[in-house]
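Here's query12.cif, which has mmCIF, C-alpha atoms (C1' of nucleotides):
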data_protein
#
loop_
_atom_site.label_atom_id
_atom_site.label_comp_id
_atom_site.auth_asym_id
_atom_site.auth_seq_id
_atom_site.Cartn_x
_atom_site.Cartn_y
_atom_site.Cartn_z
CA MET A 40 10.71 57.21 65.05
CA ALA A 41 8.36 55.77 62.54
CA GLN A 42 5.57 58.24 63.17
CA ARG A 43 7.80 61.20 62.30
CA ARG A 44 8.63 59.84 58.89
CA PRO A 45 6.75 60.55 55.69
CA SER A 46 3.60 58.48 55.56
CA LEU A 47 4.09 55.17 53.84
CA PRO A 48 1.76 52.98 51.84
CA PRO A 49 0.49 50.28 54.23
CA ALA A 50 2.50 47.68 52.39
CA LEU A 51 5.71 49.39 53.41
CA SER A 52 4.69 50.05 56.96
CA ARG A 53 5.93 47.11 58.93
CA GLY A 54 3.67 47.47 61.91
CA HIS A 55 0.43 47.97 60.03
CA ASP A 56 -2.73 46.07 60.88
CA HIS A 57 -2.72 43.61 58.06
CA HIS A 58 -5.90 41.90 59.13
CA GLN A 59 -7.57 45.22 58.51
CA CYS A 60 -5.94 45.43 55.05
CA VAL A 61 -7.45 42.12 54.06
CA HIS A 62 -10.81 42.92 55.56
CA ASP A 63 -10.99 46.27 53.79
CA ALA A 64 -9.90 44.77 50.49
CA LEU A 65 -12.58 42.08 50.58
CA GLU A 66 -15.20 44.54 51.68
CA ALA A 67 -14.29 46.89 48.85
CA ALA A 68 -14.35 43.98 46.40
CA ASP A 69 -17.80 42.92 47.56
CA GLN A 70 -19.16 46.40 47.13
CA LEU A 71 -17.47 47.04 43.83
CA CYS A 72 -18.71 43.79 42.33
CA ALA A 73 -22.20 44.41 43.64
CA SER A 74 -22.26 47.89 42.17
CA ARG A 75 -21.08 46.58 38.82
CA ASP A 76 -23.44 43.65 38.90
CA VAL A 77 -20.69 41.08 38.46
CA ARG A 78 -20.30 38.02 40.63
CA LEU A 79 -17.53 37.68 43.17
CA THR A 80 -17.98 33.94 43.42
CA GLU A 81 -16.49 31.80 46.14
CA VAL A 82 -13.42 30.80 44.11
CA ARG A 83 -12.78 34.37 43.01
CA ARG A 84 -13.20 35.73 46.51
CA ARG A 85 -10.94 33.08 47.99
CA VAL A 86 -8.23 33.73 45.40
CA LEU A 87 -8.43 37.43 46.18
CA GLU A 88 -8.11 36.67 49.88
CA LEU A 89 -5.09 34.43 49.29
CA ILE A 90 -3.42 37.13 47.24
CA TRP A 91 -4.03 39.58 50.05
CA ALA A 92 -2.46 37.20 52.56
CA SER A 93 0.66 39.30 52.21
CA HIS A 94 1.91 42.35 50.42
CA ALA A 95 4.32 40.20 48.45
CA PRO A 96 3.12 39.13 45.04
CA VAL A 97 1.94 35.56 44.67
CA GLY A 98 2.37 33.33 41.62
CA ALA A 99 -0.55 31.59 39.98
CA TYR A 100 0.76 28.15 40.85
CA ALA A 101 1.34 29.14 44.47
CA ILE A 102 -2.31 30.13 44.64
CA MET A 103 -3.23 26.82 43.10
CA ASP A 104 -1.26 24.96 45.77
CA LEU A 105 -2.95 26.96 48.52
CA LEU A 106 -6.36 26.14 47.11
CA ARG A 107 -5.44 22.49 46.98
CA GLY A 108 -4.26 22.66 50.56
CA GLU A 109 -7.82 23.61 51.40
CA GLY A 110 -9.21 20.54 49.71
CA ARG A 111 -10.24 22.21 46.49
CA ASN A 112 -9.23 20.35 43.39
CA ALA A 113 -7.88 23.43 41.65
CA MET A 114 -6.40 23.16 38.19
CA PRO A 115 -4.56 25.94 36.38
CA PRO A 116 -7.56 27.22 34.40
CA THR A 117 -9.54 27.67 37.61
CA VAL A 118 -6.86 29.90 39.02
CA TYR A 119 -6.20 31.81 35.82
CA ARG A 120 -9.90 32.46 35.29
CA ALA A 121 -10.20 33.87 38.77
CA LEU A 122 -7.10 35.97 38.19
CA ASP A 123 -8.44 37.21 34.86
CA PHE A 124 -11.67 38.24 36.51
CA LEU A 125 -9.91 40.03 39.34
CA LEU A 126 -7.58 41.76 36.89
CA GLU A 127 -10.50 42.88 34.73
CA GLN A 128 -12.26 44.30 37.75
CA GLY A 129 -9.09 46.03 38.85
CA LEU A 130 -9.03 44.18 42.15
CA ILE A 131 -5.53 42.85 41.61
CA HIS A 132 -2.53 43.74 39.48
CA ARG A 133 0.00 41.62 37.68
CA ILE A 134 3.65 42.42 38.32
CA ALA A 135 5.13 41.64 34.93
CA SER A 136 8.71 41.47 36.10
CA LEU A 137 7.79 38.75 38.61
CA ASN A 138 4.97 36.90 36.85
CA ALA A 139 3.00 37.34 40.03
CA TYR A 140 -0.04 39.06 41.41
CA ILE A 141 -0.82 41.52 44.20
CA GLY A 142 -3.98 43.04 45.58
CA CYS A 143 -4.87 46.50 44.37
CA SER A 144 -4.80 48.94 47.23
CA HIS A 145 -7.39 51.32 45.82
CA PRO A 146 -9.69 49.42 43.50
CA GLY A 147 -12.32 51.40 41.69
CA ASP A 148 -10.20 54.53 41.49
CA ALA A 149 -8.56 55.33 38.20
CA HIS A 150 -4.86 55.09 38.76
CA ALA A 151 -1.50 54.57 37.22
CA MET A 152 0.32 51.36 37.89
CA GLN A 153 3.39 52.24 39.85
CA TYR A 154 5.07 49.68 42.05
CA LEU A 155 7.94 49.65 44.48
CA ILE A 156 9.34 46.16 44.75
CA CYS A 157 11.54 45.33 47.72
CA LYS A 158 14.18 42.79 46.81
CA LYS A 159 14.75 41.84 50.43
CA CYS A 160 11.28 41.16 51.81
CA GLY A 161 9.44 40.81 48.52
CA THR A 162 6.85 43.42 49.42
CA VAL A 163 5.33 45.35 46.59
CA ALA A 164 3.83 48.73 47.38
CA GLU A 165 1.53 50.40 44.95
CA ILE A 166 2.06 54.12 44.78
CA ASP A 167 0.29 56.82 42.87
CA ASP A 168 2.60 59.66 42.11
CA PRO A 169 1.04 62.25 39.81
CA ALA A 170 4.48 63.65 39.00
CA ILE A 171 5.57 60.35 37.43
CA ASP A 172 2.28 60.17 35.64
CA LYS A 173 2.59 63.67 34.28
CA ALA A 174 6.16 63.22 33.17
CA ILE A 175 5.16 60.15 31.18
CA ALA A 176 2.12 61.86 29.71
CA ALA A 177 4.20 64.86 28.67
CA THR A 178 6.83 62.80 26.90
CA THR A 179 4.39 60.57 25.06
CA GLU A 180 2.44 63.66 24.02
CA THR A 181 5.58 65.23 22.58
CA LEU A 182 6.34 62.09 20.60
CA GLY A 183 2.81 61.79 19.27
CA PHE A 184 2.38 58.51 21.08
CA ALA A 185 -1.19 57.72 22.16
CA LEU A 186 -0.87 56.44 25.69
CA ASP A 187 -3.08 53.50 26.64
CA SER A 188 -1.51 52.17 29.79
CA GLN A 189 1.70 52.50 31.69
CA THR A 190 3.49 50.40 34.23
CA VAL A 191 6.31 51.57 36.43
CA GLU A 192 8.17 48.84 38.29
CA VAL A 193 10.86 50.05 40.64
CA ALA A 194 13.12 47.51 42.31
CA GLY A 195 15.12 48.29 45.42
CA VAL A 196 15.11 47.94 49.18
CA CYS A 197 12.32 49.30 51.35
CA ARG A 198 12.92 51.42 54.41
CA ASP A 199 12.21 48.72 56.95
CA CYS A 200 14.65 46.34 55.30
CA ARG A 201 17.31 49.06 55.20
CA ASP A 202 16.69 49.86 58.85
CA ALA A 203 16.86 46.19 59.73
CA THR A 204 20.40 45.81 58.41
CA ARG A 205 21.83 48.73 60.38
CA MET B 18 5.56 66.86 7.36
CA ALA B 19 7.77 64.48 9.25
CA GLN B 20 10.73 66.83 9.40
CA ARG B 21 8.74 69.50 11.18
CA ARG B 22 7.73 67.24 14.01
CA PRO B 23 9.61 66.73 17.26
CA SER B 24 12.53 64.41 16.73
CA LEU B 25 11.70 60.79 17.32
CA PRO B 26 13.75 57.86 18.49
CA PRO B 27 14.80 55.95 15.34
CA ALA B 28 12.50 53.11 16.28
CA LEU B 29 9.50 55.37 15.89
CA SER B 30 10.68 57.02 12.73
CA ARG B 31 9.20 54.99 9.94
CA GLY B 32 11.56 56.04 7.22
CA HIS B 33 14.78 55.61 9.14
CA ASP B 34 17.77 53.79 7.71
CA HIS B 35 17.45 50.57 9.58
CA HIS B 36 20.46 48.97 7.99
CA GLN B 37 22.44 51.73 9.63
CA CYS B 38 20.78 50.99 12.98
CA VAL B 39 21.91 47.39 12.84
CA HIS B 40 25.38 48.29 11.66
CA ASP B 41 25.83 50.86 14.41
CA ALA B 42 24.53 48.52 17.06
CA LEU B 43 26.91 45.73 16.08
CA GLU B 44 29.81 48.13 15.80
CA ALA B 45 29.06 49.53 19.25
CA ALA B 46 28.77 46.01 20.65
CA ASP B 47 32.13 45.02 19.16
CA GLN B 48 33.82 48.02 20.68
CA LEU B 49 32.12 47.74 24.04
CA CYS B 50 33.01 44.07 24.40
CA ALA B 51 36.57 44.72 23.32
CA SER B 52 36.94 47.51 25.83
CA ARG B 53 35.56 45.33 28.58
CA ASP B 54 37.60 42.34 27.54
CA VAL B 55 34.60 40.08 27.16
CA ARG B 56 33.95 37.93 24.12
CA LEU B 57 31.22 38.72 21.66
CA THR B 58 31.30 35.22 20.20
CA GLU B 59 29.68 34.23 16.95
CA VAL B 60 26.47 32.96 18.56
CA ARG B 61 26.16 36.01 20.77
CA ARG B 62 26.80 38.38 17.90
CA ARG B 63 24.34 36.57 15.66
CA VAL B 64 21.65 36.66 18.34
CA LEU B 65 22.22 40.36 18.79
CA GLU B 66 21.92 40.87 15.06
CA LEU B 67 18.68 38.88 14.91
CA ILE B 68 17.24 40.93 17.74
CA TRP B 69 18.17 44.08 15.86
CA ALA B 70 16.44 42.80 12.73
CA SER B 71 13.52 44.99 13.76
CA HIS B 72 12.54 47.42 16.45
CA ALA B 73 9.90 45.01 17.63
CA PRO B 74 10.90 42.80 20.52
CA VAL B 75 11.71 39.18 19.71
CA GLY B 76 10.97 36.15 21.87
CA ALA B 77 13.66 33.66 22.83
CA TYR B 78 12.03 30.87 20.89
CA ALA B 79 11.64 33.01 17.80
CA ILE B 80 15.38 33.62 17.94
CA MET B 81 15.92 29.91 18.31
CA ASP B 82 13.87 29.22 15.20
CA LEU B 83 15.79 31.82 13.24
CA LEU B 84 19.09 30.26 14.26
CA ARG B 85 17.80 26.87 13.22
CA GLY B 86 16.73 28.29 9.88
CA GLU B 87 20.39 29.10 9.38
CA GLY B 88 21.43 25.54 9.97
CA ARG B 89 22.52 25.97 13.55
CA ASN B 90 21.25 23.33 15.89
CA ALA B 91 20.17 25.79 18.54
CA MET B 92 18.57 24.58 21.74
CA PRO B 93 16.98 26.80 24.38
CA PRO B 94 20.04 27.06 26.64
CA THR B 95 22.13 28.30 23.74
CA VAL B 96 19.73 31.14 23.15
CA TYR B 97 19.18 31.98 26.81
CA ARG B 98 22.90 32.04 27.47
CA ALA B 99 23.44 34.45 24.64
CA LEU B 100 20.55 36.56 25.90
CA ASP B 101 21.94 36.52 29.43
CA PHE B 102 25.30 37.68 28.18
CA LEU B 103 23.79 40.46 26.09
CA LEU B 104 21.59 41.55 28.99
CA GLU B 105 24.56 41.61 31.37
CA GLN B 106 26.52 43.74 28.96
CA GLY B 107 23.57 46.05 28.50
CA LEU B 108 23.42 45.37 24.78
CA ILE B 109 19.79 44.30 24.90
CA HIS B 110 16.84 44.77 27.23
CA ARG B 111 14.07 42.47 28.27
CA ILE B 112 10.54 43.78 27.95
CA ALA B 113 8.92 42.10 30.93
CA SER B 114 5.36 42.67 29.80
CA LEU B 115 6.07 40.83 26.54
CA ASN B 116 8.64 38.23 27.58
CA ALA B 117 10.71 39.47 24.68
CA TYR B 118 13.96 41.23 23.92
CA ILE B 119 15.04 44.35 22.05
CA GLY B 120 18.38 45.89 21.21
CA CYS B 121 19.57 48.68 23.45
CA SER B 122 19.80 51.90 21.52
CA HIS B 123 22.59 53.43 23.57
CA PRO B 124 24.63 50.67 25.17
CA GLY B 125 27.40 51.69 27.47
CA ASP B 126 25.62 54.81 28.68
CA ALA B 127 23.98 54.72 32.07
CA HIS B 128 20.29 55.03 31.49
CA ALA B 129 16.86 54.38 32.81
CA MET B 130 14.74 51.75 31.16
CA GLN B 131 11.81 53.50 29.62
CA TYR B 132 9.93 51.96 26.75
CA LEU B 133 7.12 52.98 24.47
CA ILE B 134 5.40 49.91 23.11
CA CYS B 135 3.17 50.30 20.07
CA LYS B 136 0.28 47.87 20.15
CA LYS B 137 -0.28 48.18 16.43
CA CYS B 138 3.11 47.65 14.85
CA GLY B 139 4.85 46.09 17.85
CA THR B 140 7.68 48.58 17.79
CA VAL B 141 9.34 49.34 21.07
CA ALA B 142 11.18 52.63 21.38
CA GLU B 143 13.59 53.21 24.20
CA ILE B 144 13.40 56.71 25.55
CA ASP B 145 15.41 58.49 28.20
CA ASP B 146 13.35 61.15 29.86
CA PRO B 147 15.12 62.70 32.83
CA ALA B 148 11.82 64.09 34.10
CA ILE B 149 10.37 60.58 34.56
CA ASP B 150 13.62 59.52 36.13
CA LYS B 151 13.63 62.43 38.55
CA ALA B 152 10.00 61.99 39.51
CA ILE B 153 10.67 58.36 40.40
CA ALA B 154 13.85 59.20 42.28
CA ALA B 155 12.05 61.91 44.26
CA THR B 156 9.21 59.64 45.33
CA THR B 157 11.39 56.72 46.32
CA GLU B 158 13.62 59.12 48.24
CA THR B 159 10.62 60.43 50.16
CA LEU B 160 9.54 56.92 51.05
CA GLY B 161 13.00 55.87 52.15
CA PHE B 162 13.14 53.31 49.37
CA ALA B 163 16.63 52.57 48.05
CA LEU B 164 16.24 52.52 44.30
CA ASP B 165 18.15 49.83 42.41
CA SER B 166 16.53 49.74 39.04
CA GLN B 167 13.39 50.98 37.40
CA THR B 168 11.44 49.99 34.37
CA VAL B 169 8.77 52.06 32.69
CA GLU B 170 6.70 50.27 30.08
CA VAL B 171 4.17 52.42 28.29
CA ALA B 172 1.72 50.78 25.92
CA GLY B 173 -0.14 52.70 23.24
CA VAL B 174 -0.09 53.57 19.57
CA CYS B 175 2.84 55.25 17.92
CA ARG B 176 2.51 58.30 15.71
CA ASP B 177 3.01 56.49 12.43
CA CYS B 178 0.32 53.96 13.26
CA ARG B 179 -2.07 56.74 14.26
CA ASP B 180 -1.32 58.59 11.06
CA ALA B 181 -1.82 55.44 9.03
CA THR B 182 -5.39 54.99 10.19
CA ARG B 183 -6.54 58.50 9.28
"C1'" DG C 1332 -42.16 26.44 38.54
"C1'" DT C 1333 -39.84 25.22 34.35
"C1'" DC C 1334 -36.97 25.80 30.78
"C1'" DA C 1335 -33.77 28.14 27.94
"C1'" DA C 1336 -29.71 30.98 27.81
"C1'" DC C 1337 -25.66 32.09 29.66
"C1'" DA C 1338 -22.08 32.48 33.14
"C1'" DG C 1339 -19.06 29.89 35.77
"C1'" DT C 1340 -16.39 25.78 36.84
"C1'" DG C 1341 -14.23 21.10 35.96
"C1'" DT C 1342 -11.08 18.38 33.31
"C1'" DT C 1343 -7.70 17.02 30.03
"C1'" DA C 1344 -4.25 18.29 27.20
"C1'" DT C 1345 -0.77 21.25 25.57
"C1'" DA C 1346 1.61 25.72 24.47
"C1'" DA C 1347 5.15 29.06 25.62
"C1'" DT C 1348 8.88 30.57 28.38
"C1'" DA C 1349 12.93 29.40 31.08
"C1'" DT C 1350 16.46 26.71 33.74
"C1'" DA C 1351 19.27 22.62 35.72
"C1'" DA C 1352 22.87 19.46 35.15
"C1'" DC C 1353 26.50 17.49 32.99
"C1'" DA C 1354 29.36 16.46 28.75
"C1'" DA C 1355 32.12 18.21 25.03
"C1'" DT C 1356 34.82 21.76 22.88
"C1'" DA C 1357 37.22 25.99 22.16
"C1'" DT C 1358 40.23 29.74 23.86
"C1'" DA C 1359 43.68 32.19 26.33
"C1'" DG C 1360 47.60 32.28 29.25
"C1'" DG C 1361 51.58 30.08 31.35
"C1'" DC D 132 52.01 22.38 24.28
"C1'" DC D 133 49.15 22.03 28.09
"C1'" DT D 134 46.21 23.33 31.59
"C1'" DA D 135 42.57 26.28 33.46
"C1'" DT D 136 38.65 28.48 32.22
"C1'" DA D 137 35.03 30.09 29.26
"C1'" DT D 138 31.81 28.71 25.97
"C1'" DT D 139 28.76 25.67 23.72
"C1'" DG D 140 26.17 21.12 23.13
"C1'" DT D 141 22.71 18.02 24.84
"C1'" DT D 142 19.12 16.03 27.50
"C1'" DA D 143 15.78 16.65 30.63
"C1'" DT D 144 12.61 19.29 33.19
"C1'" DA D 145 10.64 23.37 35.64
"C1'" DT D 146 7.48 27.27 35.42
"C1'" DT D 147 3.87 30.03 33.58
"C1'" DA D 148 -0.21 30.16 30.78
"C1'" DT D 149 -3.95 28.83 27.48
"C1'" DA D 150 -7.09 25.87 24.34
"C1'" DA D 151 -10.95 23.02 23.95
"C1'" DC D 152 -14.81 20.85 25.43
"C1'" DA D 153 -17.91 18.93 29.11
"C1'" DC D 154 -20.57 19.87 33.05
"C1'" DT D 155 -23.08 22.70 36.53
"C1'" DG D 156 -25.26 26.43 38.54
"C1'" DT D 157 -27.80 30.95 38.16
"C1'" DT D 158 -30.99 34.07 36.15
"C1'" DG D 159 -34.81 35.69 33.78
"C1'" DA D 160 -38.78 34.90 30.47
"C1'" DC D 161 -42.82 32.82 30.29
#

So that I can check it, write out the structure of this file as structure tokens.
Amino acid sequence: MAQRRPSLPPALSRGHDHHQCVHDALEAADQLCASRDVRLTEVRRRVLELIWASHAPVGAYAIMDLLRGEGRNAMPPTVYRALDFLLEQGLIHRIASLNAYIGCSHPGDAHAMQYLICKKCGTVAEIDDPAIDKAIAATTETLGFALDSQTVEVAGVCRDCRDATR
Amino acid sequence: MAQRRPSLPPALSRGHDHHQCVHDALEAADQLCASRDVRLTEVRRRVLELIWASHAPVGAYAIMDLLRGEGRNAMPPTVYRALDFLLEQGLIHRIASLNAYIGCSHPGDAHAMQYLICKKCGTVAEIDDPAIDKAIAATTETLGFALDSQTVEVAGVCRDCRDATR
DNA sequence: GTCAACAGTGTTATAATATAACAATATAGG
DNA sequence: CCTATATTGTTATATTATAACACTGTTGAC
């Protein structure tokens, strides 16, 4: 039974209340931007909301199409500027291997960038495993490499998708 | 003194015999392809050699320009096909965060994809740290995530570049 | 309030990376 | 040699991202 299993990140928990996810993310974004005295304008907020529409990463041009579907005359720079802002503020992350963007599940907190990417359902779950972090820090230390940032992208099949094919 | 320091991957060892690197890589590629009964054609071999020209990753279009400089009339598909072949055979890797390609330093061996990317000199060193590997395997296991492939891209400044600015 | 300074957005054009589709050629095996 | 298949050539186009400059809205000094 699901509740007996190790606790999953919301993204990997099929039955989770996603409406709550989105609500929390926007709330957190509002507060974070307020506290930093930066402006979460309408375009930026809407882009963030569209990205949070699912836990699968969304491409910049997909976002653009969604904005256009809403009657906005969005051109690439509009979208990329919003994405740049959200990236800078740590509200979203870019998944390099997919050229796509996902909402950050714990903005404001310092954290490594570690992602589990399900090849079946497309979901990307952000995890924060100190052991991975430490292992990387230890190795770079040994090699005299000054670590700035690290990204771990793990591709595979999530539990729900494995269960579904049984 | 360099010789007293922990041993570095060749890519991060400024004084290393790079001609030897290239030679070894091509030799290994020849043997690997022969043993697998696949053809390391002239284009493919030349692309591999161009990628090995440095330990910094090279973009597909840069390779194309180099081929053209040699009188070949290379178009994008030519380059991408060669890259696809080399990727399939594990002779090169793609650095997703840079959209660029580097030679694999131990083709044929099963290995994780772990890269140290120096922001100063552009060098990318492939490392193989079992601790990182294990930490990732442990976490995915816990979450019921079936691991297919993993990429670790660490950005920072390599030892030589740090030393150089002192 | 008004105006200047700056942040944000609109708009046009283009750069950089990658693939589709089909024709031509080279290679290996019968 | 000849056919099947792998490889390469060629043209066109898709996808992702940025440059450059004009316009608009917001904020703070006065």

Proximal residues of chain A relative to chain B (all atoms listed in the file; 10 Å) as a ChimeraX atom specification: /A:44-48,51,133-138,152-158,166-202

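The list of chain A residues within 10 Å of chain D is Gly98, Ala99, Tyr100, Pro115, Pro116, Tyr119, Asn138 and Ala139 of chain A; this uses all atoms listed in the file.
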
Residues matched by the PyMOL selection byres ((chain A and resi 108-112) around 12) as a ChimeraX atom specification: /A:81-82,85-86,89,101-107,113-118 /C:1340-1342

Over all C-alpha pairs taken in sequence order, what does chain A look like after a least-squares fit onto chain B? Please give it as a short mmCIF file (atom, residue, chain, number, x, y, z; two decimals) with C-alpha atoms, in the frame of the given file.
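Contents of result_20.cif, freshly written:
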data_model
loop_
_atom_site.label_atom_id
_atom_site.label_comp_id
_atom_site.auth_asym_id
_atom_site.auth_seq_id
_atom_site.Cartn_x
_atom_site.Cartn_y
_atom_site.Cartn_z
CA MET A 40 5.57 66.95 7.43
CA ALA A 41 7.71 64.56 9.32
CA GLN A 42 10.74 66.80 9.48
CA ARG A 43 8.80 69.54 11.28
CA ARG A 44 7.76 67.26 14.08
CA PRO A 45 9.64 66.71 17.32
CA SER A 46 12.56 64.40 16.75
CA LEU A 47 11.71 60.78 17.33
CA PRO A 48 13.76 57.85 18.49
CA PRO A 49 14.81 55.94 15.35
CA ALA A 50 12.51 53.10 16.29
CA LEU A 51 9.51 55.36 15.90
CA SER A 52 10.67 57.02 12.74
CA ARG A 53 9.18 55.00 9.95
CA GLY A 54 11.53 56.06 7.21
CA HIS A 55 14.76 55.60 9.12
CA ASP A 56 17.74 53.76 7.67
CA HIS A 57 17.42 50.55 9.56
CA HIS A 58 20.44 48.96 7.96
CA GLN A 59 22.42 51.72 9.59
CA CYS A 60 20.74 50.98 12.95
CA VAL A 61 21.89 47.39 12.82
CA HIS A 62 25.35 48.28 11.61
CA ASP A 63 25.82 50.86 14.36
CA ALA A 64 24.52 48.50 17.02
CA LEU A 65 26.92 45.72 16.04
CA GLU A 66 29.79 48.13 15.76
CA ALA A 67 29.06 49.53 19.20
CA ALA A 68 28.78 46.00 20.59
CA ASP A 69 32.13 45.02 19.11
CA GLN A 70 33.82 48.03 20.62
CA LEU A 71 32.13 47.75 23.97
CA CYS A 72 33.01 44.08 24.33
CA ALA A 73 36.57 44.73 23.25
CA SER A 74 36.94 47.54 25.76
CA ARG A 75 35.57 45.35 28.52
CA ASP A 76 37.63 42.38 27.49
CA VAL A 77 34.62 40.09 27.11
CA ARG A 78 33.98 37.94 24.08
CA LEU A 79 31.24 38.71 21.60
CA THR A 80 31.33 35.22 20.16
CA GLU A 81 29.69 34.22 16.92
CA VAL A 82 26.49 32.94 18.56
CA ARG A 83 26.19 36.02 20.75
CA ARG A 84 26.81 38.38 17.86
CA ARG A 85 24.33 36.58 15.64
CA VAL A 86 21.65 36.64 18.33
CA LEU A 87 22.23 40.36 18.77
CA GLU A 88 21.92 40.85 15.03
CA LEU A 89 18.68 38.86 14.91
CA ILE A 90 17.24 40.92 17.73
CA TRP A 91 18.15 44.06 15.84
CA ALA A 92 16.41 42.78 12.72
CA SER A 93 13.50 44.96 13.76
CA HIS A 94 12.53 47.39 16.45
CA ALA A 95 9.87 44.98 17.65
CA PRO A 96 10.89 42.76 20.53
CA VAL A 97 11.70 39.16 19.72
CA GLY A 98 10.98 36.13 21.91
CA ALA A 99 13.68 33.67 22.87
CA TYR A 100 12.05 30.84 20.96
CA ALA A 101 11.65 32.99 17.86
CA ILE A 102 15.38 33.61 17.97
CA MET A 103 15.94 29.90 18.36
CA ASP A 104 13.85 29.20 15.26
CA LEU A 105 15.79 31.79 13.27
CA LEU A 106 19.07 30.22 14.31
CA ARG A 107 17.79 26.84 13.28
CA GLY A 108 16.71 28.26 9.95
CA GLU A 109 20.36 29.06 9.42
CA GLY A 110 21.40 25.49 10.02
CA ARG A 111 22.52 25.93 13.60
CA ASN A 112 21.27 23.29 15.95
CA ALA A 113 20.19 25.78 18.60
CA MET A 114 18.62 24.57 21.81
CA PRO A 115 17.03 26.80 24.43
CA PRO A 116 20.10 27.07 26.68
CA THR A 117 22.18 28.31 23.76
CA VAL A 118 19.77 31.14 23.17
CA TYR A 119 19.23 31.98 26.82
CA ARG A 120 22.97 32.05 27.49
CA ALA A 121 23.48 34.46 24.64
CA LEU A 122 20.59 36.57 25.89
CA ASP A 123 21.98 36.54 29.43
CA PHE A 124 25.33 37.71 28.16
CA LEU A 125 23.82 40.48 26.07
CA LEU A 126 21.62 41.56 28.97
CA GLU A 127 24.59 41.63 31.34
CA GLN A 128 26.54 43.76 28.91
CA GLY A 129 23.59 46.06 28.46
CA LEU A 130 23.41 45.37 24.74
CA ILE A 131 19.79 44.30 24.87
CA HIS A 132 16.85 44.76 27.20
CA ARG A 133 14.08 42.45 28.26
CA ILE A 134 10.54 43.77 27.95
CA ALA A 135 8.92 42.11 30.93
CA SER A 136 5.37 42.68 29.81
CA LEU A 137 6.06 40.83 26.55
CA ASN A 138 8.65 38.24 27.60
CA ALA A 139 10.72 39.47 24.70
CA TYR A 140 13.94 41.22 23.91
CA ILE A 141 15.03 44.35 22.04
CA GLY A 142 18.35 45.90 21.18
CA CYS A 143 19.55 48.69 23.43
CA SER A 144 19.79 51.91 21.50
CA HIS A 145 22.57 53.44 23.56
CA PRO A 146 24.62 50.67 25.13
CA GLY A 147 27.39 51.70 27.45
CA ASP A 148 25.59 54.80 28.66
CA ALA A 149 23.97 54.67 32.05
CA HIS A 150 20.28 54.99 31.49
CA ALA A 151 16.85 54.35 32.82
CA MET A 152 14.73 51.73 31.18
CA GLN A 153 11.81 53.49 29.64
CA TYR A 154 9.93 51.95 26.75
CA LEU A 155 7.13 52.99 24.47
CA ILE A 156 5.39 49.93 23.12
CA CYS A 157 3.18 50.31 20.07
CA LYS A 158 0.29 47.90 20.15
CA LYS A 159 -0.30 48.21 16.42
CA CYS A 160 3.12 47.66 14.86
CA GLY A 161 4.84 46.10 17.84
CA THR A 162 7.70 48.58 17.79
CA VAL A 163 9.34 49.34 21.07
CA ALA A 164 11.19 52.63 21.39
CA GLU A 165 13.59 53.20 24.20
CA ILE A 166 13.43 56.70 25.55
CA ASP A 167 15.41 58.46 28.20
CA ASP A 168 13.38 61.12 29.86
CA PRO A 169 15.14 62.67 32.85
CA ALA A 170 11.84 64.08 34.10
CA ILE A 171 10.40 60.58 34.55
CA ASP A 172 13.61 59.51 36.15
CA LYS A 173 13.62 62.40 38.56
CA ALA A 174 10.00 61.99 39.51
CA ILE A 175 10.65 58.36 40.40
CA ALA A 176 13.81 59.19 42.30
CA ALA A 177 12.02 61.90 44.27
CA THR A 178 9.16 59.66 45.32
CA THR A 179 11.33 56.72 46.32
CA GLU A 180 13.55 59.11 48.27
CA THR A 181 10.55 60.44 50.18
CA LEU A 182 9.44 56.93 51.06
CA GLY A 183 12.89 55.87 52.18
CA PHE A 184 13.03 53.31 49.41
CA ALA A 185 16.53 52.55 48.10
CA LEU A 186 16.16 52.50 44.35
CA ASP A 187 18.09 49.81 42.48
CA SER A 188 16.46 49.72 39.09
CA GLN A 189 13.34 50.96 37.43
CA THR A 190 11.41 49.97 34.38
CA VAL A 191 8.77 52.06 32.70
CA GLU A 192 6.68 50.27 30.08
CA VAL A 193 4.18 52.43 28.27
CA ALA A 194 1.71 50.80 25.91
CA GLY A 195 -0.13 52.73 23.23
CA VAL A 196 -0.08 53.60 19.56
CA CYS A 197 2.88 55.29 17.90
CA ARG A 198 2.56 58.33 15.69
CA ASP A 199 3.05 56.52 12.41
CA CYS A 200 0.35 54.00 13.24
CA ARG A 201 -2.02 56.80 14.24
CA ASP A 202 -1.25 58.65 11.03
CA ALA A 203 -1.76 55.49 9.02
CA THR A 204 -5.35 55.07 10.19
CA ARG A 205 -6.44 58.60 9.27
#

Pairwise distance for C1' of DA1344 (chain C) and CA of Arg83 (chain A), rounded to one decimal in Å: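 Interatomic distance, C1' of DA1344 (chain C) to CA of Arg83 (chain A): 24.1 Å.
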
Expected selection from the PyMOL selection byres ((chain B and resi 56) around 12), given as a PyMOL selection string: (chain B and resi 46-55+57-62+99+102-103+106) or (chain C and resi 1358-1359) or (chain D and resi 137-138)

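Nearest residue to chain C among B:Ile68, B:Leu100, B:Ala42, B:Leu108 is B:Leu100, counting all atoms listed in the file.
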
Expected selection from the PyMOL selection byres ((chain C) within 10 of (chain B)), given as a ChimeraX atom specification: /C:1347-1350

Those same residues - C-alpha atoms (C1' of nucleotides) - I'd like them written as a CSV table (one decimal), keeping the file's coordinate frame.
chain,number,residue,atom,x,y,z
C,1347,DA,C1',5.2,29.1,25.6
C,1348,DT,C1',8.9,30.6,28.4
C,1349,DA,C1',12.9,29.4,31.1
C,1350,DT,C1',16.5,26.7,33.7

Distance of CA of Gly129 (chain A) from CA of Ser93 (chain A), expressed in Å to one decimal place: 17.9 Å
